[in-house]
file my_file15.cif (mmCIF, C-alpha atoms and all ligand atoms)
data_input
loop_
_atom_site.label_atom_id
_atom_site.label_comp_id
_atom_site.auth_asym_id
_atom_site.auth_seq_id
_atom_site.Cartn_x
_atom_site.Cartn_y
_atom_site.Cartn_z
CA MET A 1 8.71 -9.36 23.85
CA ASN A 2 8.10 -9.88 20.17
CA ASP A 3 9.35 -13.48 19.82
CA LYS A 4 6.89 -15.00 17.38
CA SER A 5 8.77 -18.26 16.96
CA ALA A 6 6.49 -20.02 19.46
CA LEU A 7 3.36 -19.09 17.51
CA SER A 8 1.95 -21.75 15.23
CA ILE A 9 -0.46 -21.62 12.33
CA GLU A 10 -2.56 -24.24 14.16
CA GLN A 11 -2.99 -21.87 17.07
CA PHE A 12 -4.00 -19.04 14.72
CA LYS A 13 -6.63 -21.29 13.21
CA THR A 14 -8.49 -21.29 16.53
CA TYR A 15 -9.06 -17.51 16.44
CA GLU A 16 -12.03 -15.82 14.79
CA PRO A 17 -12.26 -14.33 12.22
CA ILE A 18 -8.67 -15.02 11.18
CA ALA A 19 -9.36 -18.78 11.24
CA SER A 20 -10.98 -18.28 7.83
CA LEU A 21 -7.72 -17.08 6.27
CA SER A 22 -5.74 -19.44 4.06
CA THR A 23 -2.56 -21.02 5.47
CA GLU A 24 -0.50 -18.91 3.06
CA ARG A 25 -2.13 -15.72 4.34
CA LEU A 26 -1.74 -16.79 7.98
CA GLU A 27 1.97 -17.36 7.42
CA GLU A 28 2.21 -13.80 6.11
CA LEU A 29 0.14 -12.50 9.00
CA ILE A 30 2.37 -14.04 11.67
CA THR A 31 5.26 -11.93 10.42
CA LEU A 32 3.17 -8.77 10.74
CA ILE A 33 1.67 -9.12 14.23
CA THR A 34 2.98 -7.68 17.47
CA LEU A 35 3.29 -9.78 20.62
CA ASP A 36 2.89 -7.96 23.88
CA SER A 37 3.35 -9.16 27.52
CA PRO A 38 1.57 -6.71 29.81
CA GLY A 39 2.27 -7.07 33.55
CA ILE A 40 -0.40 -7.26 36.27
CA GLY A 41 -2.54 -4.08 36.37
CA VAL A 42 -1.42 -2.85 32.96
CA SER A 43 -4.12 -1.74 30.51
CA LEU A 44 -4.15 -3.38 27.08
CA PHE A 45 -6.39 -0.58 25.84
CA ARG A 46 -8.78 1.92 27.39
CA GLU A 47 -12.43 2.72 26.81
CA GLY A 48 -12.67 5.37 24.07
CA ASP A 49 -9.30 4.46 22.49
CA ILE A 50 -9.10 4.33 18.70
CA ASP A 51 -6.10 2.06 18.30
CA ASN A 52 -7.15 0.35 15.02
CA GLN A 53 -6.04 -2.99 16.38
CA THR A 54 -7.50 -6.45 16.79
CA VAL A 55 -6.28 -7.90 20.09
CA TYR A 56 -6.32 -11.58 21.10
CA LEU A 57 -5.50 -12.96 24.55
CA LEU A 58 -2.88 -15.72 24.32
CA GLU A 59 -2.04 -16.28 28.00
CA GLY A 60 -3.32 -15.05 31.37
CA ASP A 61 -6.50 -13.36 32.61
CA ILE A 62 -7.80 -9.90 31.81
CA GLN A 63 -10.73 -7.83 33.02
CA LEU A 64 -12.99 -5.86 30.68
CA VAL A 65 -14.85 -2.95 32.29
CA SER A 66 -17.04 -0.26 30.69
CA SER A 67 -17.95 2.96 32.50
CA ASP A 68 -21.70 2.56 31.84
CA GLY A 69 -21.65 -0.75 33.72
CA ASP A 70 -22.76 -2.74 30.66
CA MET A 71 -19.56 -4.76 30.66
CA ASN A 72 -17.67 -6.16 33.62
CA ARG A 73 -16.20 -9.56 32.96
CA VAL A 74 -13.03 -11.55 33.33
CA ILE A 75 -11.67 -13.45 30.34
CA SER A 76 -9.09 -16.17 30.71
CA ALA A 77 -6.95 -17.36 27.79
CA HIS A 78 -8.50 -20.84 28.30
CA ASP A 79 -12.07 -19.55 27.83
CA ASP A 80 -13.93 -20.00 24.59
CA ALA A 81 -14.40 -16.19 24.57
CA ALA A 82 -10.63 -15.80 24.09
CA ARG A 83 -11.01 -17.14 20.56
CA PHE A 84 -12.56 -13.77 19.65
CA PRO A 85 -10.99 -10.29 19.57
CA LEU A 86 -11.12 -8.57 22.95
CA ALA A 87 -13.87 -5.90 23.17
CA ASP A 88 -13.86 -5.51 19.43
CA GLY A 89 -14.96 -2.20 17.90
CA GLN A 90 -13.59 1.31 17.65
CA PRO A 91 -13.60 3.44 19.72
CA ARG A 92 -13.10 0.78 22.42
CA ARG A 93 -16.26 0.20 24.46
CA ALA A 94 -14.37 -1.04 27.51
CA THR A 95 -11.00 -0.90 29.25
CA ALA A 96 -9.00 -4.15 29.32
CA THR A 97 -6.62 -4.67 32.24
CA ALA A 98 -4.30 -7.61 32.91
CA LEU A 99 -5.20 -9.46 36.14
CA THR A 100 -2.22 -11.81 35.84
CA ARG A 101 0.87 -11.63 33.67
CA ALA A 102 -0.59 -11.90 30.18
CA ARG A 103 0.43 -12.33 26.56
CA VAL A 104 -1.54 -10.74 23.76
CA ILE A 105 -1.40 -10.60 20.00
CA ARG A 106 -2.00 -7.23 18.37
CA ILE A 107 -2.87 -7.02 14.69
CA ASP A 108 -3.22 -3.78 12.78
CA ASN A 109 -6.79 -3.65 11.46
CA SER A 110 -5.79 -2.37 8.04
CA ILE A 111 -3.41 -5.33 7.63
CA LEU A 112 -6.19 -7.70 8.66
CA ASP A 113 -8.65 -6.09 6.23
CA TYR A 114 -6.08 -6.36 3.52
CA MET A 115 -5.45 -10.05 4.20
CA MET A 116 -9.17 -10.79 4.23
CA MET A 117 -9.60 -8.90 0.97
CA TRP A 118 -6.86 -10.82 -0.78
CA ASP A 119 -8.24 -14.14 0.29
CA GLN A 120 -11.67 -13.17 -0.97
CA MET A 121 -10.15 -12.18 -4.29
CA ALA A 122 -8.30 -15.48 -4.49
CA VAL A 123 -11.56 -17.32 -3.89
CA SER A 124 -13.30 -15.50 -6.74
CA GLU A 125 -10.22 -16.14 -8.90
CA ASN A 126 -10.36 -19.87 -8.15
CA THR A 127 -14.07 -19.98 -8.79
CA VAL A 128 -13.50 -18.56 -12.26
CA THR A 129 -10.53 -20.83 -12.94
CA ASN A 130 -12.43 -23.94 -11.84
CA SER A 131 -15.47 -23.13 -13.93
CA GLU A 132 -13.19 -22.67 -16.92
CA GLN A 133 -11.65 -26.08 -16.33
CA GLU A 134 -15.08 -27.64 -16.19
CA SER A 135 -16.12 -26.09 -19.51
CA PRO A 136 -13.14 -26.17 -21.88
CA SER A 137 -15.25 -24.50 -24.56
CA SER A 138 -14.87 -21.14 -22.78
CA ALA A 139 -11.43 -20.37 -24.16
CA ARG A 140 -11.51 -16.62 -23.42
CA PRO A 141 -11.21 -15.78 -19.76
CA GLN A 142 -13.78 -13.02 -20.00
CA SER A 143 -16.47 -15.14 -21.56
CA ALA A 144 -19.76 -13.58 -22.46
CA ASP A 145 -21.41 -16.86 -21.35
CA SER A 146 -20.32 -16.74 -17.74
CA GLY A 147 -20.31 -12.94 -17.53
CA GLU A 148 -17.57 -13.38 -14.91
CA PRO A 149 -14.49 -11.19 -15.25
CA ASP A 150 -11.13 -12.93 -15.35
CA ARG A 151 -9.34 -12.36 -12.04
CA SER A 152 -6.29 -14.50 -12.69
CA TRP A 153 -4.06 -11.43 -13.00
CA ILE A 154 -4.68 -10.47 -9.38
CA ARG A 155 -2.05 -12.80 -8.01
CA LYS A 156 0.65 -11.20 -10.14
CA VAL A 157 -0.07 -7.68 -9.01
CA ARG A 158 -0.58 -8.44 -5.35
CA HIS A 159 2.83 -7.15 -4.43
CA ILE A 160 2.65 -3.84 -6.22
CA MET A 161 3.22 -1.47 -3.35
CA ALA A 162 0.68 1.03 -4.62
CA PHE A 163 -1.92 -1.66 -4.19
CA GLU A 164 -0.59 -2.87 -0.87
CA ALA A 165 -0.82 0.62 0.55
CA MET A 166 -4.34 1.30 -0.63
CA PRO A 167 -7.50 0.79 1.40
CA PRO A 168 -9.06 -2.65 0.70
CA ALA A 169 -12.34 -1.05 -0.36
CA ASN A 170 -10.48 0.69 -3.16
CA ILE A 171 -8.76 -2.52 -4.25
CA LYS A 172 -12.11 -4.03 -5.05
CA GLN A 173 -13.09 -1.04 -7.17
CA LEU A 174 -9.70 -0.99 -8.79
CA LEU A 175 -10.06 -4.60 -9.83
CA GLU A 176 -13.41 -3.82 -11.36
CA LYS A 177 -12.24 -0.72 -13.20
CA MET A 178 -9.02 -2.00 -14.75
CA GLN A 179 -9.47 -3.12 -18.36
CA PRO A 180 -7.48 -5.99 -19.89
CA VAL A 181 -5.79 -5.28 -23.24
CA GLU A 182 -4.00 -7.97 -25.26
CA VAL A 183 -0.73 -6.64 -26.71
CA ARG A 184 1.76 -7.90 -29.31
CA ALA A 185 5.57 -7.94 -29.40
CA GLY A 186 6.81 -4.61 -30.79
CA GLU A 187 3.65 -2.72 -29.81
CA VAL A 188 4.33 0.72 -28.32
CA ILE A 189 2.14 1.06 -25.24
CA ILE A 190 3.44 4.51 -24.26
CA GLU A 191 5.10 7.00 -26.60
CA GLN A 192 7.55 9.46 -25.08
CA GLY A 193 6.30 13.07 -25.28
CA GLU A 194 2.60 12.20 -25.46
CA PRO A 195 0.18 13.39 -22.76
CA GLY A 196 -0.73 10.84 -20.06
CA ASP A 197 -4.03 9.00 -20.43
CA TYR A 198 -3.72 5.62 -18.69
CA TYR A 199 -1.87 3.91 -15.85
CA TYR A 200 -0.76 0.35 -16.70
CA VAL A 201 0.06 -2.92 -15.02
CA LEU A 202 1.88 -5.51 -17.10
CA THR A 203 0.21 -8.84 -16.33
CA GLU A 204 1.71 -11.08 -19.03
CA GLY A 205 4.83 -10.83 -21.18
CA LYS A 206 7.78 -8.44 -21.14
CA ALA A 207 8.34 -4.81 -22.09
CA GLN A 208 11.15 -2.29 -22.14
CA VAL A 209 11.36 1.35 -21.13
CA THR A 210 13.44 3.57 -23.43
CA ARG A 211 14.49 7.21 -23.59
CA SER A 212 17.14 7.23 -26.34
CA ILE A 213 18.72 4.30 -24.51
CA ARG A 214 17.09 1.36 -22.79
CA LEU A 215 16.30 2.36 -19.21
CA ALA A 216 14.65 -0.73 -17.80
CA SER A 217 13.04 -4.10 -18.55
CA LEU A 218 9.55 -4.73 -17.25
CA GLU A 219 7.94 -8.07 -16.46
CA ALA A 220 4.57 -9.32 -15.25
CA GLY A 221 3.68 -7.56 -12.03
CA ASN A 222 5.41 -4.26 -12.89
CA SER A 223 3.38 -1.07 -13.24
CA PHE A 224 4.16 1.98 -15.38
CA GLY A 225 2.72 5.18 -16.80
CA GLU A 226 2.08 6.87 -13.47
CA GLU A 227 4.49 9.79 -13.83
CA ALA A 228 2.72 11.81 -16.53
CA LEU A 229 -0.60 11.30 -14.73
CA LEU A 230 0.87 12.56 -11.46
CA SER A 231 2.99 15.42 -12.72
CA GLY A 232 0.57 16.60 -15.41
CA GLY A 233 3.56 16.57 -17.80
CA LYS A 234 4.31 14.48 -20.88
CA ARG A 235 5.31 10.81 -20.96
CA ASN A 236 8.99 10.82 -19.99
CA ALA A 237 9.88 7.57 -21.78
CA SER A 238 8.46 5.06 -24.25
CA VAL A 239 7.30 1.61 -23.19
CA THR A 240 7.35 -1.09 -25.87
CA MET A 241 6.37 -4.76 -25.62
CA THR A 242 9.25 -7.16 -26.28
CA SER A 243 6.91 -10.18 -26.33
CA ASP A 244 3.19 -10.80 -26.74
CA GLY A 245 1.34 -10.26 -23.50
CA GLN A 246 -1.39 -8.47 -21.65
CA VAL A 247 -1.69 -5.18 -19.78
CA MET A 248 -4.43 -3.99 -17.46
CA ARG A 249 -5.07 -0.28 -17.84
CA LEU A 250 -6.79 2.30 -15.68
CA SER A 251 -7.97 5.65 -17.02
CA LYS A 252 -6.50 8.87 -15.64
CA GLU A 253 -9.80 9.73 -13.92
CA GLU A 254 -9.99 6.34 -12.16
CA PHE A 255 -6.29 6.51 -11.32
CA ASP A 256 -6.82 9.89 -9.65
CA ALA A 257 -9.80 8.67 -7.66
CA LEU A 258 -8.53 5.24 -6.65
CA LEU A 259 -4.76 5.53 -6.39
CA ARG A 260 -3.56 9.11 -6.45
CA GLU A 261 -5.88 10.64 -3.86
CA PRO A 262 -5.89 7.84 -1.27
CA LEU A 263 -2.14 7.24 -1.50
CA LEU A 264 -0.75 10.74 -1.70
CA ALA A 265 -0.75 12.58 1.58
CA ARG A 266 -0.54 16.31 0.90
CA ILE A 267 0.42 18.38 3.86
CA PRO A 268 0.13 22.13 4.31
CA PRO A 269 3.25 24.23 5.12
CA ASP A 270 2.52 24.61 8.86
CA GLU A 271 2.16 20.89 9.36
CA ALA A 272 5.25 20.22 7.23
CA ARG A 273 7.34 22.54 9.44
CA VAL A 274 6.10 20.75 12.56
CA ARG A 275 6.90 17.34 11.07
CA VAL A 276 10.41 18.40 10.03
CA ALA A 277 11.00 19.77 13.54
CA GLY A 278 9.95 16.31 14.76
CA GLY A 279 12.44 14.44 12.55
CA ALA A 280 10.87 14.25 9.06
CA ARG A 281 13.22 15.09 6.17
CA TRP A 282 12.78 17.50 3.28
CA LEU A 283 13.36 15.86 -0.09
CA ASP A 284 13.86 18.38 -2.89
CA VAL A 285 13.06 16.71 -6.23
CA ARG A 286 13.88 19.70 -8.45
CA HIS A 287 16.95 19.86 -10.70
CA ALA A 288 20.32 20.37 -8.99
CA ARG A 289 20.53 23.88 -10.41
CA GLU A 290 17.20 24.88 -8.88
CA PHE A 291 18.31 23.33 -5.60
CA HIS A 292 21.55 25.29 -5.58
CA HIS A 293 19.63 28.51 -6.14
CA ASN A 294 17.53 27.98 -3.01
CA HIS A 295 16.14 25.14 -0.90
CA MET A 296 14.63 24.23 2.45
CA PRO A 297 17.23 24.12 5.22
CA GLY A 298 18.78 20.67 5.55
CA ALA A 299 16.99 19.27 2.47
CA ASP A 300 18.34 16.34 0.45
CA ASN A 301 18.24 16.79 -3.31
CA ILE A 302 17.37 13.94 -5.65
CA PRO A 303 15.89 15.21 -8.92
CA LEU A 304 12.72 13.36 -9.93
CA HIS A 305 14.30 11.85 -13.04
CA GLU A 306 17.09 10.30 -10.93
CA LEU A 307 14.88 9.08 -8.10
CA ARG A 308 14.25 5.53 -9.39
CA MET A 309 17.98 4.92 -9.70
CA ARG A 310 18.84 6.47 -6.34
CA LEU A 311 16.11 4.98 -4.12
CA ASP A 312 18.70 3.07 -2.11
CA GLU A 313 20.12 6.37 -0.85
CA LEU A 314 16.92 6.85 1.12
CA ASP A 315 16.01 5.41 4.50
CA LYS A 316 12.85 3.28 4.81
CA ALA A 317 12.57 4.21 8.48
CA ALA A 318 12.55 7.96 7.76
CA GLU A 319 9.60 10.13 6.80
CA TYR A 320 10.16 12.30 3.70
CA ILE A 321 8.31 15.45 2.75
CA CYS A 322 8.82 15.83 -0.98
CA TYR A 323 8.72 19.26 -2.50
CA CYS A 324 9.28 21.03 -5.80
CA THR A 325 8.13 24.47 -6.91
CA THR A 326 4.40 23.81 -7.24
CA GLY A 327 3.70 20.29 -5.95
CA LYS A 328 3.48 18.47 -9.29
CA ARG A 329 6.88 16.83 -9.61
CA SER A 330 6.83 16.08 -5.89
CA ALA A 331 3.49 14.23 -6.31
CA ALA A 332 5.15 11.90 -8.82
CA ALA A 333 8.14 11.52 -6.48
CA ALA A 334 6.06 10.74 -3.39
CA PHE A 335 3.99 8.19 -5.34
CA LEU A 336 7.17 6.46 -6.49
CA LEU A 337 8.45 6.39 -2.91
CA VAL A 338 5.19 5.07 -1.42
CA GLN A 339 5.05 2.47 -4.18
CA ASN A 340 8.48 1.29 -3.12
CA GLY A 341 7.66 1.09 0.57
CA TYR A 342 8.98 4.48 1.76
CA LYS A 343 7.05 6.92 3.93
CA ALA A 344 6.51 10.06 1.90
CA SER A 345 4.13 12.99 1.61
CA VAL A 346 3.89 16.06 -0.59
CA LEU A 347 4.28 19.70 0.43
CA ASN A 348 0.97 21.15 -0.72
CA GLY A 349 1.50 24.07 -3.09
CA GLY A 350 5.28 23.56 -3.25
CA ILE A 351 7.92 25.95 -1.95
CA GLN A 352 6.36 28.86 -3.81
CA VAL A 353 3.95 29.10 -0.87
CA MET A 354 6.71 29.36 1.74
CA PRO A 355 9.42 31.69 0.35
CA GLN A 356 10.31 32.94 3.84
CA ASP A 357 11.65 29.49 4.78
CA LEU A 358 14.07 29.16 1.86
CA GLN A 359 17.81 29.19 2.28
CA ARG A 360 19.88 30.56 -0.59
CA GLY A 361 22.94 28.91 -2.16
N1 LIG B 401 14.14 4.40 -15.36
C1 LIG B 401 12.92 3.88 -15.43
N2 LIG B 401 12.69 2.62 -14.98
C2 LIG B 401 11.45 2.07 -15.05
N3 LIG B 401 10.37 2.72 -15.52
C3 LIG B 401 10.53 3.97 -15.97
C4 LIG B 401 11.79 4.62 -15.93
N4 LIG B 401 11.64 5.86 -16.42
C5 LIG B 401 10.32 5.98 -16.74
N5 LIG B 401 9.65 4.85 -16.47
C6 LIG B 401 8.22 4.56 -16.67
O1 LIG B 401 7.94 4.87 -18.03
C7 LIG B 401 6.76 5.64 -18.04
C8 LIG B 401 6.57 6.55 -19.24
O2 LIG B 401 5.35 7.27 -19.03
P1 LIG B 401 5.20 8.16 -17.71
O3 LIG B 401 6.15 9.31 -17.79
O4 LIG B 401 3.77 8.43 -17.47
O5 LIG B 401 5.68 7.16 -16.53
C9 LIG B 401 6.90 6.51 -16.78
C10 LIG B 401 7.34 5.46 -15.81
O6 LIG B 401 6.25 4.71 -15.34
#

call {"tool": "encode", "arguments": {"input": "my_file15.cif", "output": "structure tokens"}}
result
Amino acid sequence: MNDKSALSIEQFKTYEPIASLSTERLEELITLITLDSPGIGVSLFREGDIDNQTVYLLEGDIQLVSSDGDMNRVISAHDDAARFPLADGQPRRATATALTRARVIRIDNSILDYMMMWDQMAVSENTVTNSEQESPSSARPQSADSGEPDRSWIRKVRHIMAFEAMPPANIKQLLEKMQPVEVRAGEVIIEQGEPGDYYYVLTEGKAQVTRSIRLASLEAGNSFGEEALLSGGKRNASVTMTSDGQVMRLSKEEFDALLREPLLARIPPDEARVRVAGGARWLDVRHAREFHHNHMPGADNIPLHELRMRLDELDKAAEYICYCTTGKRSAAAAFLLVQNGYKASVLNGGIQVMPQDLQRG
């Protein structure tokens, strides 16, 4: 049903609006689509549905019918109309039913938006790069002459999960709000024990994270400095450049508005109980001693400070509801999980708001 091997980039280039995507982006897109083969009489979607999908007809004939009589037409995969998404728009304005055996491509709209956004960014990046090549006198990327911001760092950060998971509209703002800072080897970007002020993305050079000992090496494309902003605590480690380079930084206020709020799903106790009954898992990110004192029934315990090292103990297919006492440490934990491609949310208010659910010992 989902054999995409027969799909070619050439074929994709006949569909609107995805025809405007670069070949690189189309190759990525093919891996993310769903292929569906509805039988005769089966509905692809119904009028009023909000399925957040773009659907293209690959093979067969379908009928589109709306209840107000405005639409009643048959579309065959050979028609020119099949180059466009079927009854585009949400909620759906018509019901689509297969008249023959059909094959359709379904693409998640947020993925499509994201792909379009990245290609637009790449275009503006190339425009800047080309104009720099034409005028070698503009040595600084952010030249006062052109007034154009340097976007060449975008490519390096494209795969940061926090950015992948965010709505495309926010990405644009994020790119505008992040400030470039040139840094030298030996410069301490973050000092352990200080309050959190900025979130950083390393775009050039190398850095190391230390807390008495060296914890990790960072390279272009890595982000850091999110934990103190999320937990409201102090910086838990120092980050020092080991070569000259560049960081992009985002103030705490912008981080809250653009990354924290859109990415962190906070769920109230009632909803959390329902989700756990439906298969979600409690993840207790307090210290082991706190966990042994009391915890949610069936919870896993990975203390926040161990989470980075123990991510591989978690299941990417599972949904985790992170909790601590108040919701602060769990916000940092859920952000880390989402950033690494896990499904995670935060128990709003922490377990202090649901003492009756706790299991002792
Ligand atoms: N083990 C680790 N590996 C990589 N980065 C880390 C590690 N521990 C802490 N950090 C980062 O170092 C940052 C120090 O400041 P924060 O506590 O705000 O956020 C922290 C993390 O982003």

call {"tool": "closest_residue", "arguments": {"input": "my_file15.cif", "among": "A:Thr97, A:Asn222, A:Thr242, A:Thr23", "to": "Gly41 in chain A", "atoms": "all atoms listed in the file"}}
result
A:Thr97

call {"tool": "residues_near_ligand", "arguments": {"input": "my_file15.cif", "ligand": "ligand LIG 401 (chain B)", "cutoff": "6 Å", "atoms": "all atoms listed in the file", "output": "ChimeraX atom specification"}}
result
/A:196,209,215-216,224-229,235-238

call {"tool": "atom_distance", "arguments": {"input": "my_file15.cif", "atom1": "CA of Leu311 in chain A", "atom2": "CA of Gly341 in chain A"}}
result
10.4 Å

call {"tool": "residues_near_point", "arguments": {"input": "my_file15.cif", "point": "(-12.4, 2.5, -10.7)", "cutoff": "9 Å", "atoms": "all atoms listed in the file", "output": "MDAnalysis selection string"}}
result
chainID A and resid 170:178 250:251 253:255 257:258

call {"tool": "atom_distance", "arguments": {"input": "my_file15.cif", "atom1": "CA of Tyr320 in chain A", "atom2": "CA of Arg211 in chain A"}}
result
28.1 Å

call {"tool": "residues_around", "arguments": {"input": "my_file15.cif", "residues": "Ser243 in chain A", "least_positions_apart": "6", "cutoff": "12 Å", "atoms": "all atoms listed in the file", "output": "PyMOL selection string"}}
result
chain A and resi 182-188+202+204-208+217-220

call {"tool": "atom_distance", "arguments": {"input": "my_file15.cif", "atom1": "CA of Val104 in chain A", "atom2": "CA of Ile30 in chain A"}}
result
13.1 Å

call {"tool": "closest_residue", "arguments": {"input": "my_file15.cif", "among": "A:Ala299, A:Ile107, A:Ile267, A:Ala331", "to": "Leu57 in chain A", "atoms": "all atoms listed in the file"}}
result
A:Ile107

call {"tool": "closest_residue", "arguments": {"input": "my_file15.cif", "among": "A:Gln339, A:Asn109, A:Thr326, A:Gln192", "to": "Val353 in chain A", "atoms": "all atoms listed in the file"}}
result
A:Thr326

call {"tool": "closest_residue", "arguments": {"input": "my_file15.cif", "among": "A:Ile302, A:Arg281, A:Arg273, A:Gly69", "to": "Met354 in chain A", "atoms": "only C-alpha atoms"}}
result
A:Arg273

call {"tool": "residues_near_point", "arguments": {"input": "my_file15.cif", "point": "(3.8, -8.6, 19.6)", "cutoff": "12 Å", "atoms": "only C-alpha atoms", "output": "VMD selection string"}}
result
chain A and resid 1 to 7 29 to 38 53 to 58 102 to 108

call {"tool": "residues_around", "arguments": {"input": "my_file15.cif", "residues": "His287 in chain A", "least_positions_apart": "6", "cutoff": "10 Å", "atoms": "all atoms listed in the file", "output": "VMD selection string"}}
result
chain A and resid 301 to 306 324

call {"tool": "residues_around", "arguments": {"input": "my_file15.cif", "residues": "Ala318 in chain A", "least_positions_apart": "6", "cutoff": "10 Å", "atoms": "only C-alpha atoms", "output": "PyMOL selection string"}}
result
chain A and resi 279-281+342-344

call {"tool": "write_last_selection", "arguments": {"input": "my_file15.cif", "atoms": "C-alpha atoms", "output": "compact mmCIF listing (two decimals), keeping the file's coordinate frame"}}
result
# COMPACT_ATOMS: atom_id res chain seq x y z
CA GLY A 279 12.44 14.44 12.55
CA ALA A 280 10.87 14.25 9.06
CA ARG A 281 13.22 15.09 6.17
CA TYR A 342 8.98 4.48 1.76
CA LYS A 343 7.05 6.92 3.93
CA ALA A 344 6.51 10.06 1.90

call {"tool": "residues_around", "arguments": {"input": "my_file15.cif", "residues": "Gln359 in chain A", "least_positions_apart": "3", "cutoff": "12 Å", "atoms": "all atoms listed in the file", "output": "number ranges by chain"}}
result
A: 290-299, 351, 354-356

call {"tool": "closest_residue", "arguments": {"input": "my_file15.cif", "among": "A:Ala277, A:Glu313, A:Leu264, A:Asp88", "to": "Ala333 in chain A", "atoms": "all atoms listed in the file"}}
result
A:Leu264

call {"tool": "residues_around", "arguments": {"input": "my_file15.cif", "residues": "Leu336 in chain A", "least_positions_apart": "4", "cutoff": "8 Å", "atoms": "all atoms listed in the file", "output": "ChimeraX atom specification"}}
result
/A:308,332,340

call {"tool": "closest_residue", "arguments": {"input": "my_file15.cif", "among": "A:Arg73, A:Arg266, A:Arg83, A:Arg289", "to": "Phe12 in chain A", "atoms": "all atoms listed in the file"}}
result
A:Arg83
